[in-house]
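Asks: This is the structure I want to talk about, given as structure tokens.
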Amino acid sequence: MFDLRGLYNSRSSILKLGAPALVSRGTMFVWGILHILIIRAIPEEAFASYTLARTFETFGALLGGGFIQQAILKMVSEGDGRREHELANAGIFLALVLAVFSAALLIGLEGTASRFYSELDLAGLPILLAAVVLTGTIAGMPRALLITRHRMRDVMYVDLLQFTLRGAIIGVLIINGTLRTGHQIFTATIIANVCSFFLSLALSRVFFFTDASLKWHRIVTMLNFSLVCLGTAAANYIYTSTDIMMLGKIAPGDVAEYGAARSLSGVFAMVNAAANMVLLPLFSRMWRQGQRGLIIQRAWRSVAIAEIILLPAVAALVLFPAQILNLVYSGRYVDSWPVTMLLGALIVIRPIGSYFSTAALAVGKPQYSLYSVIVSSVVNVGLNLLLIRSYGGLGAAVATSIALILSTWWIVGKATRYINSHTEG
């Protein structure tokens, strides 16, 4: 399963592409550390509102073209001709239209959200979330084009700028003792998005390809592929956000503690994000160029690298959850140690499902991820309804664990069988 000799022999290409990607996504790790400082500084009620607002932000970014970016990465990375340029233009057009729609939806639903979550103060947040979605989508387009060409060093510069600006603004607020609400955090994100857009545009030197017109049939092609990605992403959103949303309604007192525990395990998501930045365009090119037999091997090799990186963090969160919570949050949220331990153990499972889901997308089978996530989402929602009322945050963590293991088992088996059946010899 793990080809250690192949892993050693490919160290040069791993470092060339993987190191910038790891640094780029390493900003997520540092942001996770900063997020811990945010949790320590911000009042508990404001943090609960901010945590819930972030789930709305994720939904807005998804509906606002996030799923289109997956299609762009898959299709545009397959070559550098007129076809790929036309597809890129079509994808960018669709993403911008959807971003405007998503922003308007977030603003329009502010009153409904405030009434439904009456115990949490969401006033003024939706309009900021709309701005985050718009600026994030616009900034993401030239960055996505850089990734399709495997220009990971340039992507690294963009991500470092985005993080540095956002982190500096929030860091100053924390130091001055003036960080009080999520509004300030989202405002910093908007400023960072705008600045990172100009840098990524300068590096890519393209937003629309001028040598390719905007063609209707390319829009349809991109939309057809993207809709499956949307289904997968929407189901995944339900799968990953149900816990917070249902806690906010059924057990609002557990939102802050659960959010703090999730933030600790979420710090290490950057490893999967860094790998997928490289793997999606790589797998797409390998599939199109007839190197199909190497994809499964490369996926497991990537899992091995991720597990080596993540093992110390997993051991710490599983063996010493209460001590880490006490240290990180200065005595706050220590009662959430069982949730921290459970979510920490799941860190070793996530790379497997993530990389094989990326492989399925790259070989033109995004529906595999869709089916996998739909099933696990149903399980997750059902278990959340059953467990949260009695066990609060711990019940949500148990539901997430069972759903993740089920999803991972399904996608690995399905992707492996399909790729092997379409490999010559």
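By convention here, the chains of the structure tokens are called A, B, ... in the order presented, each chain's residues are numbered starting at 1, and ligands are numbered starting at 1 in the order presented.
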Mind checking which residues fall within 10 Å of Ile309 in chain A, counting only C-alpha atoms, ignoring those fewer than 5 positions away in the same chain, and posting them as a count of residues only?
Replies: 5
Asks: Quick one: which range 34-64 of chain A residues come within 9 Å of range 98-113 of chain A, and what is the nearest atom pair for each with the distance in Å to one decimal, counting only C-alpha atoms, rows ordered by chain and ascending number, as CSV?
Replies:
residue,atom,partner,partner_atom,distance
A:Phe56,CA,A:Leu106,CA,8.0
A:Glu57,CA,A:Leu106,CA,8.7
A:Phe59,CA,A:Ser102,CA,8.8
A:Gly60,CA,A:Ser102,CA,5.6
A:Ala61,CA,A:Ala99,CA,7.5
A:Leu62,CA,A:Ser102,CA,8.7
A:Leu63,CA,A:Ser102,CA,6.0
A:Gly64,CA,A:Ala99,CA,3.7
Asks: Could you give me, as a Markdown table, a per-residue list for range 198-285 of chain A showing, wherever an atom lies at most 6 Å from an atom of range 138-155 of chain A, the closest pair of atoms and their distance in Å to one decimal, using only C-alpha atoms and sorting by chain then residue number from low to high?
Replies:
| residue | atom | partner | partner_atom | distance |
| --- | --- | --- | --- | --- |
| A:Ser200 | CA | A:Arg143 | CA | 5.7 |
| A:Leu201 | CA | A:Pro142 | CA | 5.6 |
| A:Phe207 | CA | A:Pro142 | CA | 5.7 |
| A:Pro281 | CA | A:Thr148 | CA | 5.9 |
Asks: Write out as a list of chain:residue names each polymer residue whose atoms come within 10 Å of Arg288 in chain A, counting only C-alpha atoms; drop sequence neighbours fewer than 3 positions from it.
Replies: A:Glu78, A:Gly79, A:Phe283, A:Ser284, A:Arg285, A:Gln291, A:Arg292, A:Ala362, A:Val363
Asks: Just the residues within 6 Å of range 324-339 of chain A, please, counting only C-alpha atoms, with nothing from its chain fewer than 3 positions along; format it as a list in words.
Replies: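 Contacts, in chain order: Arg40, Glu257, Pro321, Leu342, Leu394 and Ala397 of chain A.
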Asks: Could you tell me which of A:Ser354, A:Arg115, A:Leu87, A:Ala48 comes closest to Tyr258 in chain A if we count only C-alpha atoms?
Replies: A:Ala48
Asks: Between A:Ile36, A:Ala131, A:Ala260, A:Met28, which is the closest to Phe163 in chain A once you count only C-alpha atoms?
Replies: A:Met28
